[in-house]
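Undergrad: One structure, pasted below without further comment.
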Amino acid sequence: MRKELTIKIAGEAGQGMQTVGFTLCRLFKKCGFYIFANQDYMSRVRGGNNFFQLRISENSVYTLRKHSDIIVALDKASISTHRETLSAEGQMLIDKKKFNIIEENSFLDVPMHDIAKKIGNELFVNSVAYGAIAAMAGIEMNMVIETVKEVFSGKSEDIIESNGAAAKAGYEFIKKEINKENFNIHAKKEKETMLTNGNQAIALAAVRAGCKFYSAYPMTPSTSIMDEISSCSKQFNITVEQAEDEIAAINMAIGASFAGSRSMVATSGGGFCLMVEGVSLSAMTETPLVIVDAQRPGPATGFPTRTEQADLLFLLHAGHGEFAKACFSPGTIEEAFYLTIHAFNLAEKYQIPVFIMTDQHLADSYRNVDILNQDAVKVERFIISKELSKEINGYKRYELNDSGISARALPSWINDVMYADSDEHSEEGHITEDALVRTQMVEKRLHKKMAGLLREIIKPNAFNIEKAGVVLVGFGSTYGVMREICEAYPDKFGFVHFPQVWPFPSESTVKLLEGKNKIVAVENNSTAQLAKLIRLQTGINISSSILKFDGRPFDFDYLFEALNKLA
Amino acid sequence: MNINDFKSNDPIAWCPGCGDFGILSAVKKAFVASGREPKDILLVSGIGQAAKLPHYIKCNCFNGLHGRALPAAVGAKIANRNLTVVVTTGDGDCYGEGGNHFMHNIRRNVDITVVVHNNQVYGLTKGQASPTTDEGFVTKVQEAGVVVPALHPLELAISLGCGFVARGYCSDIEHLSGLIVEGIKHKGFSLVDVLQPCVTFNKKNTYEWYSQRVYKLSEDKSYNPGDKLSAYQKAAEWGDKIPIGIIYKEEKSSYEEKTGLNSRPVLVEEKIESIDIKSLLQNFI
């Protein structure tokens, strides 16, 4: 019995890899396994080469492996593209007749297309593949069929039945013709978990945190946040508005927030570029806003469907002028959920823009996690309540005080009126050119608010740094791969991961990293941006880095090999 | 409410004789006529001389970014539909920098009123051509005269399906304030384009130039603002005679009606401290 298995399904866009992949995720989760799955897709609707990769284990998994134990090629091109990623004992399932291959013996020949045709349509080939994979992993047939029913629930009876029959036929073919047990995998007892991804976690958190207005222009890989919030917008009375562009999206959200509703926008690098003036509007008018940047490789259009962490320094400097902001870089789905709720609280408390910075890898990768605890972060409001509003007179929107945070009333709730302005303004919110007021307002928006933000900073996660000879540092989605490496080689490696990168946790970073002999930055960018930030904020020089900027995420083996080369 | 209830103490930064003063008076009069209290009105503006207007009236004000008044106004109205939301903007702000928002917010049809101070020139940046500047107009930048044909906002608005398209003149305060009142009453996006001289930078389209040309559509009893074809003709009339009044009017469902927003609790009134998402989490188990 194996402890873990990596499976890859490859083919053209439009062949339904995502459906098979997702169905397999549901199946293995149902059988009590832990999963890490991601899809590698091209920026096209049909054709090309896409794949869905799942790692299944009896224990929690946080990253991918380089090699797959089972690969299913749904088209001929996938054979040559992926055969080098097959593990030493691995098997590639292909349809020799369909692909016109006679000579090769190293494949497992499964006439998937003929089987699908017998069921009624060649389109069912992905369900045949699904059944075949399940049989190879030694999963029981009834689970295979039940999962199909679940995944296709809501579709017609006919579709459920045909896909079920296709899965069964694929399953039986493997059992009858192959009947090997070397890929069988064993699960521990089932624990109730959620199968979800980073974007879904952010969307769920936004609903929980009371986001009532969401506007965005669709942009990969952020779009599924909009899909997810839309799907429950009626139930929770949330307005989701698809804007004409990202500039409209952020300005609408700021308008809604000024009126009093918690608001969020999400985009990726290029769309965020368009939003940048809006970021400084949020800061200047002191209007709370949560902004998600699901990073993808740039510059310009870059790699639309792939991953990178190269927006870090851009994001921290985004917006002209000087003002306080906060930026979170969750490493896991759980962190994405809890930090998003926190971001809404913080944005409202300090009346500032707050960023959630993810990337395609965290946004799209599925993992099963413990049920997210909606009570873990308390949802707190920082506005003058409607009841108290009635007693307000002589209201000044930007009243100066020690905290830099002026009590926030909502228009129409108080009997007075309020002025908010993107020009430099007086305490009343009227346009001013006064030098003293200007100085006071910069102090208010930047230094006073930063002092508060620094007091409630989220400290870096440190793992095994006392024992380890080498300390890895990273932010965002590299958490998973760093964690697994450090768990596998605790004598050699420890890591420090930063879920908050602004304000930067300088004090705790110094405590954790000062005096360490060997520190290695692990980043999905080409210039070690986190290492630069650490040096700037703490003076600690991180001389080694492992940088990956090919648009693909790190996997366990890639990082391990790279670390060995460094040493 | 009377005019004094809307009086602001903020000192006015416009040039003496500016057409903006007439528009300010008309907006105040319209607010009095609307019967709403200052606290229930939100004026949203972008950047430019027109965009300073909200400071000179006592009501709520959100003075945002250049060109971006419309999205901010629409966001605020969606969040709190109890607010009467009016935008004051200029020809550069609304038709130039914010052109995309102008187009799509007419389509979106959220219940806001947009008053465009159209002086056919850039004032605050000192005299360059605007999208509505007449061809041939000479400026420091367009020194051989403007070669790009002027944008016709009213024709554009009608073609985009705007349900309320009007043109006023800043010197006829009574008439203009009537148009703004009608615009506020109209359920959906309403556009009031206002002809306004720039006494400093536009020496062509002066008070005298306008006074010789403008005439009220209401004086022509046969004119039917519900007729789209004649509305196009009137919107395009720009020469010896320039019509002012309601050019086009059509009742249509607003964004709030179509999305059901009107029948749900106002977004800002929602209690959010303990929203239960357990049913959502269940979908992922």
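By convention here, the chains of the structure tokens are called A, B, ... in the order presented, each chain's residues are numbered starting at 1, and ligands are numbered starting at 1 in the order presented.
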Taking a cut-off of 8 Å and counting only C-alpha atoms, can you build a table that, for each residue of chain B near chain A, reports the nearest atom pair and how far apart they are in Å (one decimal), sorted by chain then residue number, as JSON lines?
TA:
{"residue": "B:Asp10", "atom": "CA", "partner": "A:His430", "partner_atom": "CA", "distance": 7.2}
{"residue": "B:Pro38", "atom": "CA", "partner": "A:Val417", "partner_atom": "CA", "distance": 6.7}
{"residue": "B:Lys39", "atom": "CA", "partner": "A:Ser412", "partner_atom": "CA", "distance": 4.8}
{"residue": "B:Asp40", "atom": "CA", "partner": "A:Ser412", "partner_atom": "CA", "distance": 5.0}
{"residue": "B:Ile41", "atom": "CA", "partner": "A:Ser412", "partner_atom": "CA", "distance": 7.7}
{"residue": "B:Leu42", "atom": "CA", "partner": "A:Pro411", "partner_atom": "CA", "distance": 7.8}
{"residue": "B:His55", "atom": "CA", "partner": "A:His430", "partner_atom": "CA", "distance": 6.5}
{"residue": "B:Lys58", "atom": "CA", "partner": "A:Val417", "partner_atom": "CA", "distance": 7.0}
{"residue": "B:Cys59", "atom": "CA", "partner": "A:Val417", "partner_atom": "CA", "distance": 5.4}
{"residue": "B:Asn60", "atom": "CA", "partner": "A:Met418", "partner_atom": "CA", "distance": 4.9}
{"residue": "B:Cys61", "atom": "CA", "partner": "A:Tyr419", "partner_atom": "CA", "distance": 4.6}
{"residue": "B:Phe62", "atom": "CA", "partner": "A:Ala420", "partner_atom": "CA", "distance": 4.9}
{"residue": "B:Asn63", "atom": "CA", "partner": "A:Asp421", "partner_atom": "CA", "distance": 4.7}
{"residue": "B:Gly64", "atom": "CA", "partner": "A:Ser422", "partner_atom": "CA", "distance": 5.3}
{"residue": "B:Leu65", "atom": "CA", "partner": "A:Ser422", "partner_atom": "CA", "distance": 6.6}
{"residue": "B:Arg68", "atom": "CA", "partner": "A:Asn251", "partner_atom": "CA", "distance": 6.6}
{"residue": "B:Pro71", "atom": "CA", "partner": "A:Met252", "partner_atom": "CA", "distance": 4.5}
{"residue": "B:Ala72", "atom": "CA", "partner": "A:Gly255", "partner_atom": "CA", "distance": 4.0}
{"residue": "B:Ala73", "atom": "CA", "partner": "A:Gly255", "partner_atom": "CA", "distance": 6.0}
{"residue": "B:Val74", "atom": "CA", "partner": "A:Met252", "partner_atom": "CA", "distance": 6.4}
{"residue": "B:Gly75", "atom": "CA", "partner": "A:Ala256", "partner_atom": "CA", "distance": 4.2}
{"residue": "B:Ala76", "atom": "CA", "partner": "A:Ala256", "partner_atom": "CA", "distance": 4.2}
{"residue": "B:Lys77", "atom": "CA", "partner": "A:Ala256", "partner_atom": "CA", "distance": 7.3}
{"residue": "B:Ile78", "atom": "CA", "partner": "A:Ala256", "partner_atom": "CA", "distance": 6.8}
{"residue": "B:Ala79", "atom": "CA", "partner": "A:Ala256", "partner_atom": "CA", "distance": 5.1}
{"residue": "B:Asn80", "atom": "CA", "partner": "A:Ala259", "partner_atom": "CA", "distance": 6.3}
{"residue": "B:Leu83", "atom": "CA", "partner": "A:Ser412", "partner_atom": "CA", "distance": 7.1}
{"residue": "B:Asn100", "atom": "CA", "partner": "A:Glu244", "partner_atom": "CA", "distance": 7.4}
{"residue": "B:His101", "atom": "CA", "partner": "A:Ala248", "partner_atom": "CA", "distance": 7.0}
{"residue": "B:His104", "atom": "CA", "partner": "A:Glu244", "partner_atom": "CA", "distance": 6.6}
{"residue": "B:Arg264", "atom": "CA", "partner": "A:Asn237", "partner_atom": "CA", "distance": 7.2}
{"residue": "B:Pro265", "atom": "CA", "partner": "A:Asn237", "partner_atom": "CA", "distance": 7.7}
{"residue": "B:Leu267", "atom": "CA", "partner": "A:Lys212", "partner_atom": "CA", "distance": 6.2}
{"residue": "B:Val268", "atom": "CA", "partner": "A:Ser261", "partner_atom": "CA", "distance": 4.9}
{"residue": "B:Ile272", "atom": "CA", "partner": "A:Gly210", "partner_atom": "CA", "distance": 4.8}
{"residue": "B:Glu273", "atom": "CA", "partner": "A:Val379", "partner_atom": "CA", "distance": 5.2}
{"residue": "B:Ser274", "atom": "CA", "partner": "A:Val379", "partner_atom": "CA", "distance": 7.0}
{"residue": "B:Ile275", "atom": "CA", "partner": "A:Arg208", "partner_atom": "CA", "distance": 5.6}
{"residue": "B:Asp276", "atom": "CA", "partner": "A:Arg208", "partner_atom": "CA", "distance": 6.9}
{"residue": "B:Ile277", "atom": "CA", "partner": "A:Arg208", "partner_atom": "CA", "distance": 6.2}
{"residue": "B:Lys278", "atom": "CA", "partner": "A:Gln374", "partner_atom": "CA", "distance": 7.8}
{"residue": "B:Leu280", "atom": "CA", "partner": "A:Leu204", "partner_atom": "CA", "distance": 7.6}
{"residue": "B:Leu281", "atom": "CA", "partner": "A:Ile371", "partner_atom": "CA", "distance": 7.5}
{"residue": "B:Phe284", "atom": "CA", "partner": "A:Met194", "partner_atom": "CA", "distance": 5.0}
{"residue": "B:Ile285", "atom": "CA", "partner": "A:Met194", "partner_atom": "CA", "distance": 4.4}
Undergrad: Report as a list in words: the residues of stretch 19-116 of chain B with a DSSP assignment of strand (DSSP E or B), based on the backbone of this structure.
TA: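 Going through stretch 19-116 of chain B, the strand (DSSP E or B) residues come out as Ile41, Leu42, Leu43, Val44, Ser45, Ile57, Asn60, Cys61, Phe62, Asn63, Thr84, Val85, Val86, Val87, Thr88, Thr89, Gly90, Thr113, Val114, Val115 and Val116 of chain B.
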Undergrad: Considering only C-alpha atoms, return as a PyMOL selection string whatever protein or nucleic-acid residues lie within 9 Å of B:Val141, sequence-local ones (same chain, fewer than 3 positions apart) excluded.
TA: chain B and resi 127-129+138+144-145
Undergrad: What would the file look like if the residues just selected were written as a PDB file, in the first residue's frame with all heavy atoms?
TA:
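So the final result, stored in again-v1.pdb, reads:
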ATOM      1  N   GLY B 127      -7.240  76.540 -20.459  1.00  0.00           N
ATOM      2  CA  GLY B 127      -7.632  76.923 -21.799  1.00  0.00           C
ATOM      3  C   GLY B 127      -7.446  75.957 -22.947  1.00  0.00           C
ATOM      4  O   GLY B 127      -7.575  76.343 -24.105  1.00  0.00           O
ATOM      5  N   GLN B 128      -7.164  74.670 -22.671  1.00  0.00           N
ATOM      6  CA  GLN B 128      -7.052  73.720 -23.786  1.00  0.00           C
ATOM      7  C   GLN B 128      -8.442  73.299 -24.282  1.00  0.00           C
ATOM      8  O   GLN B 128      -9.445  73.527 -23.610  1.00  0.00           O
ATOM      9  CB  GLN B 128      -6.260  72.465 -23.369  1.00  0.00           C
ATOM     10  CG  GLN B 128      -4.867  72.723 -22.840  1.00  0.00           C
ATOM     11  CD  GLN B 128      -4.849  73.135 -21.375  1.00  0.00           C
ATOM     12  OE1 GLN B 128      -5.889  73.194 -20.734  1.00  0.00           O
ATOM     13  NE2 GLN B 128      -3.673  73.451 -20.861  1.00  0.00           N
ATOM     14  N   ALA B 129      -8.452  72.628 -25.444  1.00  0.00           N
ATOM     15  CA  ALA B 129      -9.724  72.169 -26.014  1.00  0.00           C
ATOM     16  C   ALA B 129     -10.321  71.061 -25.154  1.00  0.00           C
ATOM     17  O   ALA B 129      -9.595  70.276 -24.543  1.00  0.00           O
ATOM     18  CB  ALA B 129      -9.484  71.652 -27.429  1.00  0.00           C
ATOM     19  N   VAL B 138      -9.169  78.114 -31.490  1.00  0.00           N
ATOM     20  CA  VAL B 138      -7.717  78.201 -31.298  1.00  0.00           C
ATOM     21  C   VAL B 138      -7.374  78.251 -29.809  1.00  0.00           C
ATOM     22  O   VAL B 138      -7.970  79.014 -29.050  1.00  0.00           O
ATOM     23  CB  VAL B 138      -7.148  79.447 -32.018  1.00  0.00           C
ATOM     24  CG1 VAL B 138      -5.657  79.606 -31.728  1.00  0.00           C
ATOM     25  CG2 VAL B 138      -7.386  79.341 -33.527  1.00  0.00           C
ATOM     26  N   ALA B 144      -3.343  75.817 -34.263  1.00  0.00           N
ATOM     27  CA  ALA B 144      -3.886  75.998 -35.612  1.00  0.00           C
ATOM     28  C   ALA B 144      -5.399  75.757 -35.624  1.00  0.00           C
ATOM     29  O   ALA B 144      -6.009  75.613 -36.678  1.00  0.00           O
ATOM     30  CB  ALA B 144      -3.185  75.042 -36.567  1.00  0.00           C
ATOM     31  N   GLY B 145      -5.954  75.682 -34.444  1.00  0.00           N
ATOM     32  CA  GLY B 145      -7.393  75.423 -34.356  1.00  0.00           C
ATOM     33  C   GLY B 145      -7.667  73.945 -34.141  1.00  0.00           C
ATOM     34  O   GLY B 145      -6.901  73.092 -34.592  1.00  0.00           O
TER      35      GLY B 145
END
Undergrad: Let's see if you can do this: from backbone DSSP, list all alpha helix (DSSP H) residues in stretch 248-319 of chain A, as an MDAnalysis selection string.
TA: chainID A and resid 248:259 269:285 312:317
Undergrad: Using only C-alpha atoms, which residue out of A:Asn49, A:Ser60, A:Ser224, A:Thr509 lies closest to A:Ile202?
TA: A:Ser224
Undergrad: Mind pulling up the distance from atom CA of B:Pro153 to atom CA of B:Thr132?
TA: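 According to the coordinates, atom CA of B:Thr132 and atom CA of B:Pro153 are separated by 8.1 Å.
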Undergrad: Would you list the contacts of A:Ala116 as a ChimeraX atom specification, taking every protein, DNA or RNA residue within 9 Å and counting only C-alpha atoms, but skipping same-chain residues closer than 2 positions in sequence?
TA: /A:111-114,118-128,166,169-170
Undergrad: What's the 8 Å shell around A:Ile356, counting only C-alpha atoms, without same-chain residues fewer than 2 positions away, as an NGL selection string?
TA: :A and (290-293 or 327-330 or 339-340 or 343 or 354 or 358)
Undergrad: Keeping N, CA, C and O atoms, export the residues of the selection given above as a PDB file, in the first residue's frame.
TA:
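Contents of again36.pdb, as written:
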ATOM      1  N   VAL A 290     -11.141  46.948   0.582  1.00  0.00           N
ATOM      2  CA  VAL A 290     -10.313  45.745   0.512  1.00  0.00           C
ATOM      3  C   VAL A 290     -10.066  45.436  -0.962  1.00  0.00           C
ATOM      4  O   VAL A 290     -10.999  45.394  -1.766  1.00  0.00           O
ATOM      5  N   ILE A 291      -8.792  45.265  -1.299  1.00  0.00           N
ATOM      6  CA  ILE A 291      -8.390  45.062  -2.692  1.00  0.00           C
ATOM      7  C   ILE A 291      -7.628  43.748  -2.785  1.00  0.00           C
ATOM      8  O   ILE A 291      -6.640  43.556  -2.073  1.00  0.00           O
ATOM      9  N   VAL A 292      -8.073  42.861  -3.660  1.00  0.00           N
ATOM     10  CA  VAL A 292      -7.369  41.596  -3.851  1.00  0.00           C
ATOM     11  C   VAL A 292      -6.570  41.664  -5.148  1.00  0.00           C
ATOM     12  O   VAL A 292      -7.116  41.991  -6.194  1.00  0.00           O
ATOM     13  N   ASP A 293      -5.284  41.365  -5.056  1.00  0.00           N
ATOM     14  CA  ASP A 293      -4.475  41.207  -6.265  1.00  0.00           C
ATOM     15  C   ASP A 293      -4.064  39.744  -6.357  1.00  0.00           C
ATOM     16  O   ASP A 293      -3.199  39.286  -5.609  1.00  0.00           O
ATOM     17  N   CYS A 327      -0.925  45.284   3.903  1.00  0.00           N
ATOM     18  CA  CYS A 327      -0.911  44.271   2.849  1.00  0.00           C
ATOM     19  C   CYS A 327      -0.659  42.885   3.432  1.00  0.00           C
ATOM     20  O   CYS A 327       0.315  42.677   4.156  1.00  0.00           O
ATOM     21  N   PHE A 328      -1.570  41.977   3.123  1.00  0.00           N
ATOM     22  CA  PHE A 328      -1.454  40.603   3.603  1.00  0.00           C
ATOM     23  C   PHE A 328      -1.119  39.665   2.444  1.00  0.00           C
ATOM     24  O   PHE A 328      -1.559  39.882   1.315  1.00  0.00           O
ATOM     25  N   SER A 329      -0.343  38.628   2.765  1.00  0.00           N
ATOM     26  CA  SER A 329       0.059  37.672   1.729  1.00  0.00           C
ATOM     27  C   SER A 329      -0.134  36.257   2.267  1.00  0.00           C
ATOM     28  O   SER A 329       0.831  35.605   2.676  1.00  0.00           O
ATOM     29  N   PRO A 330      -1.401  35.812   2.302  1.00  0.00           N
ATOM     30  CA  PRO A 330      -1.685  34.507   2.903  1.00  0.00           C
ATOM     31  C   PRO A 330      -0.930  33.372   2.211  1.00  0.00           C
ATOM     32  O   PRO A 330      -0.734  33.397   1.000  1.00  0.00           O
ATOM     33  N   LEU A 339      -7.415  35.995   7.109  1.00  0.00           N
ATOM     34  CA  LEU A 339      -6.831  37.317   6.867  1.00  0.00           C
ATOM     35  C   LEU A 339      -7.785  38.225   6.088  1.00  0.00           C
ATOM     36  O   LEU A 339      -7.743  39.447   6.232  1.00  0.00           O
ATOM     37  N   THR A 340      -8.646  37.652   5.262  1.00  0.00           N
ATOM     38  CA  THR A 340      -9.612  38.486   4.536  1.00  0.00           C
ATOM     39  C   THR A 340     -10.621  39.108   5.507  1.00  0.00           C
ATOM     40  O   THR A 340     -10.953  40.293   5.397  1.00  0.00           O
ATOM     41  N   ALA A 343      -8.826  41.759   7.203  1.00  0.00           N
ATOM     42  CA  ALA A 343      -8.601  42.898   6.304  1.00  0.00           C
ATOM     43  C   ALA A 343      -9.811  43.836   6.295  1.00  0.00           C
ATOM     44  O   ALA A 343      -9.654  45.062   6.295  1.00  0.00           O
ATOM     45  N   VAL A 354      -6.738  48.222   2.145  1.00  0.00           N
ATOM     46  CA  VAL A 354      -6.015  47.040   2.634  1.00  0.00           C
ATOM     47  C   VAL A 354      -5.952  46.016   1.500  1.00  0.00           C
ATOM     48  O   VAL A 354      -6.958  45.741   0.851  1.00  0.00           O
ATOM     49  N   THR A 358      -2.491  37.548  -3.402  1.00  0.00           N
ATOM     50  CA  THR A 358      -2.338  36.104  -3.610  1.00  0.00           C
ATOM     51  C   THR A 358      -1.654  35.919  -4.960  1.00  0.00           C
ATOM     52  O   THR A 358      -1.084  36.850  -5.503  1.00  0.00           O
TER      53      THR A 358
END
Undergrad: With only C-alpha atoms as the counted atoms, please give the residues lying no more than 12 Å from stretch 14-21 of chain B, apart from itself and same-chain residues fewer than 5 positions off, as an MDAnalysis selection string.
TA: chainID B and resid 26:28 48:57 88:90 115:119 123:124 168:173 194:202 205:207 210
Undergrad: Since we have the selection now, will you write its residues out, keeping C-alpha atoms, as a PDB file, in the first residue's frame?
TA:
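Saved file part_23.pdb follows:
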ATOM      1  CA  ALA B  26     -30.148  76.456 -10.005  1.00  0.00           C
ATOM      2  CA  VAL B  27     -28.931  73.344  -8.147  1.00  0.00           C
ATOM      3  CA  LYS B  28     -29.810  74.930  -4.766  1.00  0.00           C
ATOM      4  CA  GLY B  48     -12.395  70.674 -12.526  1.00  0.00           C
ATOM      5  CA  GLN B  49     -14.066  73.977 -11.724  1.00  0.00           C
ATOM      6  CA  ALA B  50     -17.519  72.349 -11.910  1.00  0.00           C
ATOM      7  CA  ALA B  51     -16.410  69.680  -9.473  1.00  0.00           C
ATOM      8  CA  LYS B  52     -15.892  72.277  -6.722  1.00  0.00           C
ATOM      9  CA  LEU B  53     -19.610  73.028  -6.650  1.00  0.00           C
ATOM     10  CA  PRO B  54     -20.524  70.515  -3.910  1.00  0.00           C
ATOM     11  CA  HIS B  55     -18.440  72.497  -1.428  1.00  0.00           C
ATOM     12  CA  TYR B  56     -20.628  75.543  -2.024  1.00  0.00           C
ATOM     13  CA  ILE B  57     -23.848  73.840  -1.013  1.00  0.00           C
ATOM     14  CA  THR B  88     -21.798  67.883 -10.888  1.00  0.00           C
ATOM     15  CA  THR B  89     -19.171  67.485 -13.524  1.00  0.00           C
ATOM     16  CA  GLY B  90     -17.689  69.262 -16.522  1.00  0.00           C
ATOM     17  CA  VAL B 115     -25.414  67.960 -14.277  1.00  0.00           C
ATOM     18  CA  VAL B 116     -22.637  68.707 -16.782  1.00  0.00           C
ATOM     19  CA  HIS B 117     -21.173  72.203 -16.760  1.00  0.00           C
ATOM     20  CA  ASN B 118     -20.402  72.333 -20.474  1.00  0.00           C
ATOM     21  CA  ASN B 119     -18.253  75.392 -21.198  1.00  0.00           C
ATOM     22  CA  GLY B 123     -10.732  75.943 -17.382  1.00  0.00           C
ATOM     23  CA  LEU B 124      -8.658  74.619 -14.504  1.00  0.00           C
ATOM     24  CA  GLY B 168     -30.098  74.033 -19.847  1.00  0.00           C
ATOM     25  CA  TYR B 169     -28.437  77.427 -19.934  1.00  0.00           C
ATOM     26  CA  CYS B 170     -26.689  78.788 -16.841  1.00  0.00           C
ATOM     27  CA  SER B 171     -28.199  82.269 -17.215  1.00  0.00           C
ATOM     28  CA  ASP B 172     -31.758  80.970 -17.127  1.00  0.00           C
ATOM     29  CA  ILE B 173     -31.650  79.780 -13.534  1.00  0.00           C
ATOM     30  CA  VAL B 194     -25.663  72.951 -19.174  1.00  0.00           C
ATOM     31  CA  LEU B 195     -24.404  75.590 -21.607  1.00  0.00           C
ATOM     32  CA  GLN B 196     -22.058  77.802 -19.716  1.00  0.00           C
ATOM     33  CA  PRO B 197     -19.614  80.516 -20.794  1.00  0.00           C
ATOM     34  CA  CYS B 198     -16.056  80.409 -19.518  1.00  0.00           C
ATOM     35  CA  VAL B 199     -15.311  84.111 -19.073  1.00  0.00           C
ATOM     36  CA  THR B 200     -11.565  83.543 -18.931  1.00  0.00           C
ATOM     37  CA  PHE B 201     -10.751  80.990 -21.632  1.00  0.00           C
ATOM     38  CA  ASN B 202     -13.652  80.841 -24.055  1.00  0.00           C
ATOM     39  CA  ASN B 205     -19.114  80.960 -26.707  1.00  0.00           C
ATOM     40  CA  THR B 206     -19.882  84.015 -24.561  1.00  0.00           C
ATOM     41  CA  TYR B 207     -23.036  85.094 -22.709  1.00  0.00           C
ATOM     42  CA  TYR B 210     -25.557  82.015 -26.190  1.00  0.00           C
TER      43      TYR B 210
END
Undergrad: With only C-alpha atoms as the counted atoms, please give the residues lying no more than 6 Å from stretch 131-144 of chain A, apart from itself and same-chain residues fewer than 5 positions off, as a list in words.
TA: Ala167, Lys168, Gly170, Tyr171, Ile174, Phe183, Asn184 and Ile185 of chain A
Undergrad: If you keep N, CA, C and O atoms, can you produce a file of those selected residues as a PDB file, in the first residue's frame?
TA:
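Contents of result_12.pdb, freshly written:
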ATOM      1  N   ALA A 167     -17.761   5.773 -16.281  1.00  0.00           N
ATOM      2  CA  ALA A 167     -16.816   5.575 -15.178  1.00  0.00           C
ATOM      3  C   ALA A 167     -16.727   4.087 -14.831  1.00  0.00           C
ATOM      4  O   ALA A 167     -15.634   3.540 -14.636  1.00  0.00           O
ATOM      5  N   LYS A 168     -17.898   3.444 -14.800  1.00  0.00           N
ATOM      6  CA  LYS A 168     -17.948   2.026 -14.444  1.00  0.00           C
ATOM      7  C   LYS A 168     -17.190   1.196 -15.491  1.00  0.00           C
ATOM      8  O   LYS A 168     -16.418   0.300 -15.148  1.00  0.00           O
ATOM      9  N   GLY A 170     -14.774   2.160 -17.523  1.00  0.00           N
ATOM     10  CA  GLY A 170     -13.336   2.416 -17.383  1.00  0.00           C
ATOM     11  C   GLY A 170     -12.771   1.659 -16.201  1.00  0.00           C
ATOM     12  O   GLY A 170     -11.692   1.058 -16.262  1.00  0.00           O
ATOM     13  N   TYR A 171     -13.515   1.685 -15.117  1.00  0.00           N
ATOM     14  CA  TYR A 171     -13.121   0.998 -13.882  1.00  0.00           C
ATOM     15  C   TYR A 171     -12.974  -0.506 -14.135  1.00  0.00           C
ATOM     16  O   TYR A 171     -11.961  -1.127 -13.809  1.00  0.00           O
ATOM     17  N   ILE A 174      -9.942  -1.722 -16.267  1.00  0.00           N
ATOM     18  CA  ILE A 174      -8.685  -1.803 -15.505  1.00  0.00           C
ATOM     19  C   ILE A 174      -8.682  -3.047 -14.620  1.00  0.00           C
ATOM     20  O   ILE A 174      -7.712  -3.811 -14.582  1.00  0.00           O
ATOM     21  N   PHE A 183      -0.571   0.535  -7.386  1.00  0.00           N
ATOM     22  CA  PHE A 183      -0.927   1.940  -7.171  1.00  0.00           C
ATOM     23  C   PHE A 183      -1.979   2.103  -6.074  1.00  0.00           C
ATOM     24  O   PHE A 183      -2.464   3.196  -5.839  1.00  0.00           O
ATOM     25  N   ASN A 184      -2.355   0.980  -5.473  1.00  0.00           N
ATOM     26  CA  ASN A 184      -3.399   1.088  -4.452  1.00  0.00           C
ATOM     27  C   ASN A 184      -2.923   1.947  -3.284  1.00  0.00           C
ATOM     28  O   ASN A 184      -1.775   1.897  -2.891  1.00  0.00           O
ATOM     29  N   ILE A 185      -3.844   2.700  -2.791  1.00  0.00           N
ATOM     30  CA  ILE A 185      -3.498   3.663  -1.746  1.00  0.00           C
ATOM     31  C   ILE A 185      -4.471   3.507  -0.602  1.00  0.00           C
ATOM     32  O   ILE A 185      -5.638   3.166  -0.786  1.00  0.00           O
TER      33      ILE A 185
END
Undergrad: Can you work out which one of A:Lys518, A:Arg483, A:Lys8, A:Arg65 has the shortest atom-to-atom distance to A:Tyr130, counting only C-alpha atoms?
TA: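 Of A:Lys518, A:Arg483, A:Lys8, A:Arg65, the one nearest A:Tyr130 is A:Lys8, counting only C-alpha atoms.
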Undergrad: Which one is closest to A:Gln529: A:Tyr558, A:Asp311, A:Tyr398, A:Asp550? Count only C-alpha atoms.
TA: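 Selected residue with least distance to A:Gln529: A:Asp311.
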